>>> print(open('upload-v6.csv').read())   # CSV, C-alpha atoms
chain,number,residue,atom,x,y,z
O,118,MET,CA,159.7,79.1,-183.3
O,119,LYS,CA,163.1,78.4,-181.8
O,120,ALA,CA,165.1,75.5,-183.3
O,121,ALA,CA,165.7,72.4,-181.2
O,122,THR,CA,168.5,73.0,-178.8
O,123,GLN,CA,171.6,70.9,-178.5
O,124,ASN,CA,170.5,69.4,-175.3
O,125,GLY,CA,167.6,67.5,-177.0
O,126,ILE,CA,164.8,69.9,-176.1
O,127,CYS,CA,162.3,71.4,-178.5
O,128,GLN,CA,159.5,74.0,-178.1
O,129,ILE,CA,155.9,73.2,-178.9
O,130,LYS,CA,153.2,75.9,-179.3
O,131,LEU,CA,149.6,74.7,-179.3
O,132,ILE,CA,147.2,77.1,-180.9
O,133,VAL,CA,143.5,76.3,-180.5
O,134,LYS,CA,140.7,78.0,-182.4
O,135,LEU,CA,137.0,77.6,-181.4
O,136,LYS,CA,134.3,76.8,-183.8
O,137,ALA,CA,132.1,75.7,-181.0
O,138,GLU,CA,130.1,77.8,-178.5
O,139,MET,CA,131.8,78.0,-175.1
O,140,PRO,CA,130.0,79.5,-172.1
O,141,LYS,CA,131.5,82.9,-171.2
O,142,SER,CA,132.1,81.7,-167.6
O,143,ASP,CA,134.1,78.7,-168.7
O,144,CYS,CA,137.9,78.4,-169.4
O,145,LEU,CA,139.7,76.2,-171.8
O,146,TYR,CA,142.2,73.6,-170.4
O,147,VAL,CA,144.7,71.3,-171.9
O,148,SER,CA,145.4,67.9,-170.2
O,149,GLY,CA,148.2,65.6,-171.3
O,150,ASN,CA,151.1,63.3,-170.5
O,151,LEU,CA,153.5,66.0,-169.3
O,152,LEU,CA,153.7,67.9,-166.0
O,153,GLU,CA,153.4,71.1,-168.1
O,154,LEU,CA,150.1,69.8,-169.5
O,155,GLY,CA,148.6,68.8,-166.1
O,156,GLU,CA,149.3,65.1,-166.1
O,157,TRP,CA,145.8,64.1,-167.3
O,158,ASN,CA,144.0,66.3,-164.8
O,159,PRO,CA,140.9,67.4,-166.9
O,160,ALA,CA,141.5,70.9,-165.5
O,161,GLY,CA,145.2,70.4,-165.7
O,162,LYS,CA,146.5,73.5,-167.4
O,163,LYS,CA,144.5,76.6,-168.3
O,164,MET,CA,145.2,77.9,-171.8
O,165,GLN,CA,145.9,81.6,-172.5
O,166,GLN,CA,143.7,83.6,-174.8
O,167,SER,CA,145.0,85.7,-177.6
O,168,VAL,CA,143.6,89.0,-178.8
O,169,ASP,CA,142.2,87.2,-181.9
O,170,GLY,CA,140.1,84.9,-179.6
O,171,SER,CA,142.3,81.8,-180.1
O,172,TYR,CA,143.9,80.0,-177.2
O,173,TYR,CA,147.5,78.9,-176.8
O,174,ILE,CA,150.1,77.3,-174.6
O,175,GLU,CA,153.8,76.9,-175.1
O,176,PHE,CA,155.9,74.1,-173.5
O,177,ASN,CA,159.2,72.3,-173.9
O,178,ALA,CA,159.4,68.6,-174.8
O,179,ARG,CA,162.1,66.1,-175.1
O,180,LEU,CA,163.2,65.8,-178.7
O,181,ASN,CA,161.6,62.8,-180.5
O,182,SER,CA,159.2,62.2,-177.6
O,183,ILE,CA,155.4,61.6,-178.1
O,184,ILE,CA,153.1,64.2,-176.6
O,185,GLN,CA,149.4,63.2,-176.0
O,186,CYS,CA,146.7,65.6,-174.9
O,187,LYS,CA,143.0,66.5,-174.8
O,188,PHE,CA,141.2,69.8,-174.4
O,189,THR,CA,138.4,70.4,-172.0
O,190,ARG,CA,136.3,73.0,-170.1
O,191,GLY,CA,137.5,71.5,-166.8
O,192,THR,CA,135.9,68.0,-166.8
O,193,TRP,CA,136.1,64.9,-168.9
O,194,LYS,CA,132.4,65.3,-169.7
O,195,THR,CA,133.3,68.6,-171.5
O,196,GLN,CA,136.0,67.2,-173.7
O,197,ALA,CA,136.6,69.0,-177.0
O,198,ILE,CA,135.9,67.3,-180.2
O,199,ILE,CA,138.5,68.1,-182.9
O,200,ASP,CA,137.4,65.3,-185.4
O,201,LYS,CA,133.7,64.8,-186.1
O,202,ASP,CA,134.4,61.1,-186.7
O,203,ASP,CA,136.2,60.6,-183.4
O,204,VAL,CA,133.6,60.7,-180.6
O,205,PRO,CA,134.3,60.4,-177.7
O,206,PRO,CA,137.6,62.0,-178.7
O,207,ASN,CA,140.9,60.2,-178.8
O,208,ASN,CA,144.1,61.8,-177.7
O,209,LEU,CA,145.8,64.4,-179.9
O,210,VAL,CA,149.2,63.0,-180.7
O,211,ILE,CA,152.1,65.3,-181.3
O,212,LYS,CA,155.5,64.0,-182.4
O,213,ALA,CA,158.1,66.3,-180.9
O,214,ASN,CA,160.6,65.9,-183.7
O,215,LYS,CA,161.3,69.6,-183.9
O,216,SER,CA,160.2,72.9,-182.5
O,217,LYS,CA,156.9,73.8,-184.1
O,218,GLU,CA,153.4,75.2,-183.9
O,219,VAL,CA,150.4,72.8,-183.8
O,220,ASN,CA,147.1,74.3,-184.8
O,221,VAL,CA,143.8,72.7,-183.7
O,222,GLU,CA,140.2,73.5,-184.2
O,223,ILE,CA,137.5,72.6,-181.7
O,224,LEU,CA,134.3,71.7,-183.5
O,225,GLU,CA,132.2,71.1,-180.5
O,226,PHE,CA,132.3,69.8,-176.9
O,227,LEU,CA,131.2,66.4,-175.8
O,228,ASP,CA,128.5,67.7,-173.4
O,229,GLN,CA,126.9,69.6,-176.3
O,230,ARG,CA,126.1,66.4,-178.2
O,231,PRO,CA,123.1,64.2,-177.6
O,232,VAL,CA,123.8,61.3,-175.2
O,233,VAL,CA,124.3,58.1,-177.2
O,234,SER,CA,122.9,55.0,-175.4
O,235,ASP,CA,125.3,52.1,-174.9
O,236,PRO,CA,123.3,49.5,-173.1
O,237,VAL,CA,125.2,46.7,-171.4
O,238,GLN,CA,125.1,43.4,-173.1
O,239,GLY,CA,124.6,40.7,-170.5
O,240,LYS,CA,124.0,41.6,-166.8
O,241,LEU,CA,125.9,43.7,-164.2
O,242,VAL,CA,125.6,42.8,-160.5
O,243,SER,CA,127.2,45.0,-157.8
O,244,PHE,CA,128.3,44.1,-154.3
O,245,ASP,CA,129.8,46.3,-151.6
O,246,SER,CA,130.0,44.0,-148.6
O,247,PHE,CA,133.8,43.8,-148.4
O,248,GLU,CA,136.1,44.7,-145.5
O,249,CYS,CA,138.9,45.8,-147.8
O,250,LYS,CA,141.3,44.9,-145.0
O,251,ASP,CA,144.4,47.1,-144.8
O,252,LEU,CA,143.2,49.4,-147.6
O,253,ASP,CA,142.4,53.0,-146.9
O,254,TYR,CA,139.4,53.0,-149.3
O,255,LYS,CA,136.5,50.6,-149.3
O,256,ARG,CA,134.9,49.8,-152.7
O,257,PRO,CA,132.3,47.7,-154.3
O,258,ILE,CA,132.9,45.2,-157.1
O,259,THR,CA,130.8,44.7,-160.2
O,260,VAL,CA,130.3,41.3,-161.8
O,261,TRP,CA,129.5,41.0,-165.4
O,262,LEU,CA,127.5,37.9,-166.4
O,263,PRO,CA,127.0,36.9,-170.1
O,264,GLU,CA,123.6,36.3,-171.5
O,265,THR,CA,124.5,32.6,-171.6
O,266,TYR,CA,125.5,32.4,-167.9
O,267,SER,CA,123.9,29.4,-166.2
O,268,GLU,CA,124.4,27.8,-162.8
O,269,LYS,CA,124.0,24.4,-164.5
O,270,SER,CA,126.6,24.8,-167.2
O,271,GLU,CA,130.3,24.0,-167.1
O,272,PRO,CA,132.1,26.2,-164.6
O,273,ASN,CA,133.0,29.6,-165.9
O,274,ALA,CA,136.5,31.1,-166.2
O,275,VAL,CA,136.8,34.3,-164.3
O,276,ILE,CA,138.6,37.5,-165.5
O,277,TYR,CA,139.6,39.7,-162.6
O,278,MET,CA,140.1,43.3,-163.9
O,279,HIS,CA,141.6,46.4,-162.3
O,280,ASP,CA,140.2,49.9,-162.9
O,281,GLY,CA,136.8,48.2,-163.1
O,282,GLN,CA,134.8,51.4,-163.6
O,283,ASN,CA,136.2,51.7,-167.1
O,284,LEU,CA,135.0,48.4,-168.6
O,285,PHE,CA,131.3,48.5,-169.4
O,286,GLU,CA,129.7,52.0,-169.4
O,287,PRO,CA,131.1,55.2,-171.0
O,288,SER,CA,129.3,57.4,-168.4
O,289,ALA,CA,131.3,55.7,-165.6
O,290,SER,CA,134.6,55.5,-167.4
O,291,PHE,CA,137.7,57.7,-167.4
O,292,ALA,CA,137.5,60.3,-170.1
O,293,GLY,CA,134.2,58.9,-171.4
O,294,ASN,CA,135.6,55.8,-173.2
O,295,ASP,CA,134.8,52.3,-171.9
O,296,TRP,CA,136.6,49.1,-172.9
O,297,LYS,CA,133.4,47.5,-174.3
O,298,VAL,CA,134.2,44.4,-172.5
O,299,ASP,CA,130.6,43.3,-172.5
O,300,GLU,CA,130.3,43.7,-176.3
O,301,THR,CA,133.5,41.9,-177.1
O,302,LEU,CA,133.1,39.0,-174.7
O,303,THR,CA,129.4,38.5,-175.8
O,304,LYS,CA,130.4,38.3,-179.4
O,305,MET,CA,133.3,35.9,-178.7
O,306,ILE,CA,131.3,33.6,-176.4
O,307,LYS,CA,128.4,33.4,-178.9
O,308,ALA,CA,130.9,32.6,-181.7
O,309,LYS,CA,132.4,29.9,-179.4
O,310,GLU,CA,135.8,31.4,-179.8
O,311,ILE,CA,136.5,31.4,-176.1
O,312,LYS,CA,135.5,29.6,-172.9
O,313,ASP,CA,132.4,30.7,-171.0
O,314,CYS,CA,133.5,33.4,-168.6
O,315,ILE,CA,132.5,36.1,-166.2
O,316,VAL,CA,134.2,39.4,-165.3
O,317,VAL,CA,134.9,40.7,-161.9
O,318,ALA,CA,135.5,44.5,-162.1
O,319,ILE,CA,137.4,46.0,-159.3
O,320,PRO,CA,137.3,49.9,-159.3
O,321,ASN,CA,140.4,51.9,-158.4
O,322,SER,CA,140.7,54.3,-155.5
O,323,PRO,CA,142.5,57.6,-154.9
O,324,ASP,CA,145.5,55.3,-153.9
O,325,ARG,CA,145.6,53.8,-157.3
O,326,MET,CA,149.3,54.4,-158.0
O,327,LYS,CA,150.2,52.6,-154.7
O,328,GLU,CA,147.6,49.9,-154.8
O,329,LEU,CA,148.5,48.8,-158.3
O,330,ASN,CA,152.1,48.0,-157.6
O,331,LEU,CA,152.9,44.8,-155.7
O,332,GLU,CA,156.2,46.3,-154.5
O,333,SER,CA,154.3,48.7,-152.2
O,334,LYS,CA,152.6,48.0,-148.9
O,335,LEU,CA,149.2,49.0,-150.3
O,336,GLY,CA,149.9,46.9,-153.4
O,337,LYS,CA,150.3,43.8,-151.2
O,338,ALA,CA,147.1,44.7,-149.3
O,339,TYR,CA,145.2,45.2,-152.6
O,340,ALA,CA,146.3,41.8,-153.9
O,341,GLU,CA,145.3,40.1,-150.7
O,342,PHE,CA,142.0,41.9,-150.8
O,343,ILE,CA,141.3,40.2,-154.2
O,344,ILE,CA,142.6,36.8,-153.2
O,345,ASN,CA,141.2,36.6,-149.6
O,346,GLU,CA,138.0,38.6,-149.9
O,347,VAL,CA,136.8,38.9,-153.5
O,348,MET,CA,137.7,35.5,-154.9
O,349,PRO,CA,136.1,33.4,-152.1
O,350,PHE,CA,133.0,35.5,-152.4
O,351,ILE,CA,132.8,35.1,-156.2
O,352,ASN,CA,133.5,31.3,-156.1
O,353,GLY,CA,130.8,30.9,-153.4
O,354,LYS,CA,128.2,33.1,-155.3
O,355,PHE,CA,128.7,32.1,-158.9
O,356,ASN,CA,129.3,29.0,-161.1
O,357,THR,CA,133.1,29.4,-161.5
O,358,SER,CA,136.1,27.2,-162.1
O,359,LYS,CA,138.5,26.9,-159.2
O,360,LYS,CA,141.4,26.1,-161.4
O,361,ALA,CA,144.3,28.6,-161.8
O,362,GLU,CA,144.3,28.1,-165.5
O,363,ASP,CA,140.7,29.5,-165.5
O,364,ASN,CA,141.6,32.6,-163.5
O,365,VAL,CA,142.8,35.6,-165.5
O,366,VAL,CA,144.0,38.8,-164.0
O,367,ALA,CA,144.0,41.8,-166.4
O,368,GLY,CA,144.5,45.6,-166.5
O,369,SER,CA,146.2,48.5,-168.3
O,370,SER,CA,149.0,50.8,-167.4
O,371,MET,CA,149.4,50.5,-163.6
O,372,GLY,CA,146.8,47.7,-163.8
O,373,GLY,CA,149.0,46.0,-166.5
O,374,LEU,CA,152.0,46.2,-164.2
O,375,MET,CA,149.9,44.8,-161.3
O,376,SER,CA,148.5,42.0,-163.4
O,377,PHE,CA,152.0,40.9,-164.5
O,378,GLN,CA,153.3,41.1,-160.9
O,379,MET,CA,150.3,39.0,-159.6
O,380,ALA,CA,150.8,36.3,-162.3
O,381,ILE,CA,154.5,36.0,-161.3
O,382,GLU,CA,153.8,36.1,-157.6
O,383,TYR,CA,150.6,34.0,-157.3
O,384,PRO,CA,150.8,31.5,-160.2
O,385,ASP,CA,148.8,28.9,-158.3
O,386,ILE,CA,145.9,31.3,-158.1
O,387,PHE,CA,146.2,33.3,-161.4
O,388,GLY,CA,147.3,31.1,-164.2
O,389,LYS,CA,146.9,33.8,-166.9
O,390,ALA,CA,147.5,37.5,-167.2
O,391,ALA,CA,146.6,40.2,-169.8
O,392,CYS,CA,148.9,43.1,-169.3
O,393,PHE,CA,147.9,46.0,-171.5
O,394,SER,CA,150.5,48.8,-171.8
O,395,PRO,CA,152.1,47.8,-168.4
O,396,ALA,CA,153.7,50.6,-166.5
O,397,PHE,CA,157.1,48.8,-166.3
O,398,PRO,CA,159.1,52.1,-166.4
O,399,LEU,CA,157.7,53.0,-163.0
O,400,THR,CA,159.6,50.2,-161.3
O,401,PHE,CA,161.7,48.9,-164.2
O,402,SER,CA,165.0,48.1,-162.5
O,403,GLN,CA,163.1,46.3,-159.7
O,404,ILE,CA,160.8,44.2,-161.9
O,405,MET,CA,163.5,43.4,-164.5
O,406,GLY,CA,165.9,42.4,-161.7
O,407,LYS,CA,163.3,40.2,-160.1
O,408,VAL,CA,162.4,38.4,-163.3
O,409,SER,CA,166.1,38.1,-164.3
O,410,LYS,CA,167.2,36.6,-160.9
O,411,SER,CA,164.2,34.3,-160.5
O,412,LYS,CA,164.8,30.6,-160.8
O,413,ASN,CA,161.2,29.7,-160.5
O,414,LEU,CA,159.2,31.7,-163.0
O,415,PRO,CA,155.8,30.1,-163.6
O,416,LEU,CA,156.3,28.8,-167.1
O,417,GLN,CA,153.1,26.9,-166.8
O,418,SER,CA,151.3,30.3,-166.8
O,419,MET,CA,150.3,32.2,-169.8
O,420,ILE,CA,151.2,35.9,-170.1
O,421,TYR,CA,150.1,38.5,-172.7
O,422,ILE,CA,151.8,41.9,-172.9
O,423,ASP,CA,151.2,44.7,-175.4
O,424,THR,CA,152.0,48.3,-176.2
O,425,GLY,CA,151.0,51.1,-178.5
O,426,GLU,CA,153.4,52.9,-180.9
O,427,TYR,CA,152.7,56.2,-179.2
O,428,GLU,CA,153.5,55.1,-175.7
O,429,ASP,CA,157.1,56.1,-175.7
O,430,MET,CA,158.9,54.6,-172.6
O,431,ILE,CA,156.4,51.8,-172.2
O,432,THR,CA,157.2,50.6,-175.7
O,433,LYS,CA,160.9,50.4,-174.9
O,434,SER,CA,160.3,48.5,-171.7
O,435,TYR,CA,157.8,46.2,-173.5
O,436,TYR,CA,160.5,45.0,-175.9
O,437,GLU,CA,163.1,44.6,-173.1
O,438,MET,CA,160.6,42.5,-171.0
O,439,MET,CA,159.6,40.3,-173.9
O,440,ASP,CA,163.3,39.6,-174.7
O,441,LEU,CA,164.0,38.8,-171.0
O,442,LEU,CA,161.0,36.5,-170.7
O,443,LYS,CA,162.0,34.5,-173.8
O,444,LYS,CA,165.5,34.2,-172.4
O,445,LYS,CA,164.0,32.8,-169.2
O,446,GLY,CA,162.1,30.1,-171.0
O,447,TYR,CA,158.8,31.6,-172.2
O,448,VAL,CA,157.9,30.7,-175.7
O,449,GLU,CA,156.0,33.1,-177.8
O,450,GLY,CA,152.8,31.6,-179.1
O,451,LYS,CA,152.7,29.0,-176.4
O,452,ASN,CA,152.8,30.6,-172.9
O,453,LEU,CA,153.7,34.2,-174.0
O,454,MET,CA,152.2,36.6,-176.5
O,455,GLY,CA,153.3,40.1,-177.3
O,456,TYR,CA,151.4,42.6,-179.4
O,457,PHE,CA,152.6,46.0,-180.9
O,458,ASP,CA,149.7,48.2,-181.8
O,459,LYS,CA,150.7,50.6,-184.6
O,460,GLU,CA,149.7,54.3,-183.9
O,461,ALA,CA,147.9,53.3,-180.7
O,462,THR,CA,147.8,55.7,-177.8
O,463,HIS,CA,147.6,55.1,-174.0
O,464,THR,CA,143.8,55.2,-173.9
O,465,GLU,CA,140.8,53.1,-173.0
O,466,SER,CA,139.7,53.2,-176.6
O,467,ALA,CA,143.0,51.7,-177.7
O,468,TRP,CA,142.7,48.9,-175.1
O,469,ALA,CA,139.1,48.3,-176.1
O,470,ASN,CA,140.2,47.9,-179.8
O,471,ARG,CA,142.6,45.1,-178.9
O,472,PHE,CA,140.9,43.5,-175.9
O,473,HIS,CA,139.8,40.5,-178.1
O,474,ILE,CA,143.4,39.6,-178.9
O,475,PRO,CA,144.5,38.4,-175.4
O,476,MET,CA,141.1,36.9,-174.7
O,477,LYS,CA,141.5,34.6,-177.7
O,478,PHE,CA,145.0,33.7,-176.7
O,479,LEU,CA,144.2,33.1,-173.0
O,480,LEU,CA,140.7,31.7,-173.1
O,481,GLY,CA,140.4,30.4,-176.7
O,482,LYS,CA,139.0,27.1,-177.4
O,483,CYS,CA,141.3,24.5,-178.9
>>> encode(input="upload-v6.csv", output="structure tokens")
Amino acid sequence: MKAATQNGICQIKLIVKLKAEMPKSDCLYVSGNLLELGEWNPAGKKMQQSVDGSYYIEFNARLNSIIQCKFTRGTWKTQAIIDKDDVPPNNLVIKANKSKEVNVEILEFLDQRPVVSDPVQGKLVSFDSFECKDLDYKRPITVWLPETYSEKSEPNAVIYMHDGQNLFEPSASFAGNDWKVDETLTKMIKAKEIKDCIVVAIPNSPDRMKELNLESKLGKAYAEFIINEVMPFINGKFNTSKKAEDNVVAGSSMGGLMSFQMAIEYPDIFGKAACFSPAFPLTFSQIMGKVSKSKNLPLQSMIYIDTGEYEDMITKSYYEMMDLLKKKGYVEGKNLMGYFDKEATHTESAWANRFHIPMKFLLGKC
């Protein structure tokens, strides 16, 4: 392998050997967080086959960056398993600290394993009677109700969550990992750790990157869809609290960015926000400038922000935003919480593992 060049670039060669059976008509793909790795398209980049039957791909990476990837036969249902104890598989993490070869063995593929049942705890109810005004894609919403839900109890807090297809069922989720929201909240409600609550899951659309950014036209339309169409419907249909302090907006990555923006922009509606791995770098100068210049930040609101160690640029922006919020009057432990998750990747499974943390902070019983 070539040594790292002086301009901060190193060369990575991925070599993959198969211990699993692969249909002769199928190809092996790598999908990851670089353009050269297909930018998380499950059929992102076809790997080349060597004469010895192994597969390989070579690419350049920024020195000391973190590379994350998976292997597939073209879909997320055919993800490769490289660790028998990690199913569904997490991302392969490569630290680009020098030019090097990385050797991987594929033990089997996800679709070759028996389907494991993961029944929803509580109840899911779906609705699709929304105009979705000014959005190009209509969509249903799904409401999760805990086993303890009652029309006669105290009004429930409501958690409005972006990328709603990823929350409850692995079969519907991106890359086969769900957030296990139903399991986590069921356990916490039964233990009386948090207020009674329901979840409103709003799925994304092909316009996700635009809709989950309040600075865009579609982002404003998406926020207004939630506020003007979804919320009145939920409040009319279910036993919910109408107080801002009982309305939580939550999401990850672009959904984390949007949750933060909505908490800042609509504090009288959403009094709390859980921002998992927020995509601040996408619009960093804009959002940092807006927060820095604001004289009316909603200090009465509660904001949770986190990041994983292997999230590279997001981690940097996380620390800068936390510092800025504290300078603007937020107090960690009171109306602000930050969490750094050691060795965590930018995945549904990582967010699932720490979902309980903001729920305790935002909805915990005194």
>>> closest_residue(input="upload-v6.csv", among="O:Gly450, O:Asp385, O:Pro395, O:Glu264", to="O:Tyr436", atoms="only C-alpha atoms")
O:Pro395
>>> closest_residue(input="upload-v6.csv", among="O:Met476, O:Ala137, O:Met405, O:Ile420", to="O:Gly388", atoms="only C-alpha atoms")
O:Ile420
>>> residues_around(input="upload-v6.csv", residues="stretch 440-444 of chain O", least_positions_apart="2", cutoff="12 Å", atoms="only C-alpha atoms", output="VMD selection string")
chain O and resid 377 381 404 to 411 414 to 416 419 to 422 433 to 438 446 to 455
>>> write_last_selection(input="upload-v6.csv", atoms="C-alpha atoms", output="short mmCIF file (atom, residue, chain, number, x, y, z; two decimals), in the coordinates of the input")
data_model
loop_
_atom_site.label_atom_id
_atom_site.label_comp_id
_atom_site.auth_asym_id
_atom_site.auth_seq_id
_atom_site.Cartn_x
_atom_site.Cartn_y
_atom_site.Cartn_z
CA PHE O 377 152.00 40.90 -164.50
CA ILE O 381 154.50 36.00 -161.30
CA ILE O 404 160.80 44.20 -161.90
CA MET O 405 163.50 43.40 -164.50
CA GLY O 406 165.90 42.40 -161.70
CA LYS O 407 163.30 40.20 -160.10
CA VAL O 408 162.40 38.40 -163.30
CA SER O 409 166.10 38.10 -164.30
CA LYS O 410 167.20 36.60 -160.90
CA SER O 411 164.20 34.30 -160.50
CA LEU O 414 159.20 31.70 -163.00
CA PRO O 415 155.80 30.10 -163.60
CA LEU O 416 156.30 28.80 -167.10
CA MET O 419 150.30 32.20 -169.80
CA ILE O 420 151.20 35.90 -170.10
CA TYR O 421 150.10 38.50 -172.70
CA ILE O 422 151.80 41.90 -172.90
CA LYS O 433 160.90 50.40 -174.90
CA SER O 434 160.30 48.50 -171.70
CA TYR O 435 157.80 46.20 -173.50
CA TYR O 436 160.50 45.00 -175.90
CA GLU O 437 163.10 44.60 -173.10
CA MET O 438 160.60 42.50 -171.00
CA GLY O 446 162.10 30.10 -171.00
CA TYR O 447 158.80 31.60 -172.20
CA VAL O 448 157.90 30.70 -175.70
CA GLU O 449 156.00 33.10 -177.80
CA GLY O 450 152.80 31.60 -179.10
CA LYS O 451 152.70 29.00 -176.40
CA ASN O 452 152.80 30.60 -172.90
CA LEU O 453 153.70 34.20 -174.00
CA MET O 454 152.20 36.60 -176.50
CA GLY O 455 153.30 40.10 -177.30
#
>>> closest_residue(input="upload-v6.csv", among="O:Ala289, O:Ile258, O:Leu302, O:Leu224", to="O:Pro206", atoms="all atoms listed in the file")
O:Leu224
>>> residues_around(input="upload-v6.csv", residues="O:Gly149", least_positions_apart="5", cutoff="10 Å", atoms="all atoms listed in the file", output="PyMOL selection string")
chain O and resi 154-159+161-162+184-188+208-210
>>> residues_around(input="upload-v6.csv", residues="O:Pro272", least_positions_apart="6", cutoff="8 Å", atoms="only C-alpha atoms", output="list of chain:residue names")
O:Asp313, O:Asn356, O:Thr357, O:Ser358
>>> closest_residue(input="upload-v6.csv", among="O:Lys389, O:Lys459, O:Lys304, O:Lys134", to="O:Glu362", atoms="all atoms listed in the file")
O:Lys389
>>> closest_residue(input="upload-v6.csv", among="O:Pro205, O:Pro140, O:Pro320, O:Gly191", to="O:Lys163", atoms="all atoms listed in the file")
O:Gly191
>>> atom_distance(input="upload-v6.csv", atom1="atom CA of O:Val237", atom2="atom CA of O:Thr265")
14.1 Å
>>> closest_residue(input="upload-v6.csv", among="O:Val204, O:Val317, O:Cys392, O:Ala338", to="O:Ala274", atoms="only C-alpha atoms")
O:Val317
>>> atom_distance(input="upload-v6.csv", atom1="atom CA of O:His463", atom2="atom CA of O:Asp423")
11.1 Å
>>> atom_distance(input="upload-v6.csv", atom1="atom CA of O:Asn345", atom2="atom CA of O:Gln403")
26.0 Å
>>> residues_around(input="upload-v6.csv", residues="O:Asp169", least_positions_apart="2", cutoff="12 Å", atoms="all atoms listed in the file", output="PyMOL selection string")
chain O and resi 132-135+165-167+171-173
>>> residues_near_point(input="upload-v6.csv", point="(128.6, 40.8, -151.3)", cutoff="12 Å", atoms="only C-alpha atoms", output="ChimeraX atom specification")
/O:242-249,256-260,346-355
>>> decode(input="upload-v6.csv", residues="stretch 172-183 of chain O", atoms="N, CA, C and O atoms", output="PDB file, in the first residue's frame")
ATOM      1  N   TYR O 172     -13.228 -10.487  -3.067  1.00  0.00           N
ATOM      2  CA  TYR O 172     -13.698  -9.233  -3.665  1.00  0.00           C
ATOM      3  C   TYR O 172     -12.890  -8.085  -3.075  1.00  0.00           C
ATOM      4  O   TYR O 172     -12.409  -8.156  -1.938  1.00  0.00           O
ATOM      5  N   TYR O 173     -12.777  -7.012  -3.837  1.00  0.00           N
ATOM      6  CA  TYR O 173     -11.988  -5.886  -3.329  1.00  0.00           C
ATOM      7  C   TYR O 173     -12.482  -4.571  -3.906  1.00  0.00           C
ATOM      8  O   TYR O 173     -13.165  -4.519  -4.935  1.00  0.00           O
ATOM      9  N   ILE O 174     -12.129  -3.511  -3.237  1.00  0.00           N
ATOM     10  CA  ILE O 174     -12.346  -2.147  -3.718  1.00  0.00           C
ATOM     11  C   ILE O 174     -11.270  -1.269  -3.091  1.00  0.00           C
ATOM     12  O   ILE O 174     -10.887  -1.477  -1.929  1.00  0.00           O
ATOM     13  N   GLU O 175     -10.748  -0.340  -3.845  1.00  0.00           N
ATOM     14  CA  GLU O 175      -9.757   0.612  -3.347  1.00  0.00           C
ATOM     15  C   GLU O 175     -10.324   2.022  -3.452  1.00  0.00           C
ATOM     16  O   GLU O 175     -10.993   2.363  -4.430  1.00  0.00           O
ATOM     17  N   PHE O 176     -10.058   2.829  -2.455  1.00  0.00           N
ATOM     18  CA  PHE O 176     -10.548   4.204  -2.475  1.00  0.00           C
ATOM     19  C   PHE O 176      -9.658   5.070  -1.599  1.00  0.00           C
ATOM     20  O   PHE O 176      -8.932   4.579  -0.732  1.00  0.00           O
ATOM     21  N   ASN O 177      -9.708   6.368  -1.852  1.00  0.00           N
ATOM     22  CA  ASN O 177      -8.958   7.330  -1.044  1.00  0.00           C
ATOM     23  C   ASN O 177      -9.839   7.872   0.068  1.00  0.00           C
ATOM     24  O   ASN O 177     -11.063   8.023  -0.100  1.00  0.00           O
ATOM     25  N   ALA O 178      -9.232   8.181   1.187  1.00  0.00           N
ATOM     26  CA  ALA O 178      -9.969   8.741   2.328  1.00  0.00           C
ATOM     27  C   ALA O 178      -9.145   9.841   2.976  1.00  0.00           C
ATOM     28  O   ALA O 178      -7.911   9.821   2.914  1.00  0.00           O
ATOM     29  N   ARG O 179      -9.843  10.773   3.574  1.00  0.00           N
ATOM     30  CA  ARG O 179      -9.156  11.840   4.294  1.00  0.00           C
ATOM     31  C   ARG O 179      -8.457  11.250   5.514  1.00  0.00           C
ATOM     32  O   ARG O 179      -9.040  10.460   6.267  1.00  0.00           O
ATOM     33  N   LEU O 180      -7.207  11.622   5.704  1.00  0.00           N
ATOM     34  CA  LEU O 180      -6.420  11.094   6.804  1.00  0.00           C
ATOM     35  C   LEU O 180      -7.108  11.373   8.141  1.00  0.00           C
ATOM     36  O   LEU O 180      -7.584  12.484   8.398  1.00  0.00           O
ATOM     37  N   ASN O 181      -7.198  10.345   8.983  1.00  0.00           N
ATOM     38  CA  ASN O 181      -7.806  10.396  10.318  1.00  0.00           C
ATOM     39  C   ASN O 181      -9.322  10.530  10.294  1.00  0.00           C
ATOM     40  O   ASN O 181      -9.941  10.826  11.322  1.00  0.00           O
ATOM     41  N   SER O 182      -9.941  10.312   9.134  1.00  0.00           N
ATOM     42  CA  SER O 182     -11.401  10.290   9.069  1.00  0.00           C
ATOM     43  C   SER O 182     -11.903   8.902   9.466  1.00  0.00           C
ATOM     44  O   SER O 182     -11.129   7.946   9.591  1.00  0.00           O
ATOM     45  N   ILE O 183     -13.200   8.801   9.682  1.00  0.00           N
ATOM     46  CA  ILE O 183     -13.828   7.536  10.044  1.00  0.00           C
ATOM     47  C   ILE O 183     -14.668   7.061   8.862  1.00  0.00           C
ATOM     48  O   ILE O 183     -15.562   7.768   8.401  1.00  0.00           O
TER      49      ILE O 183
END
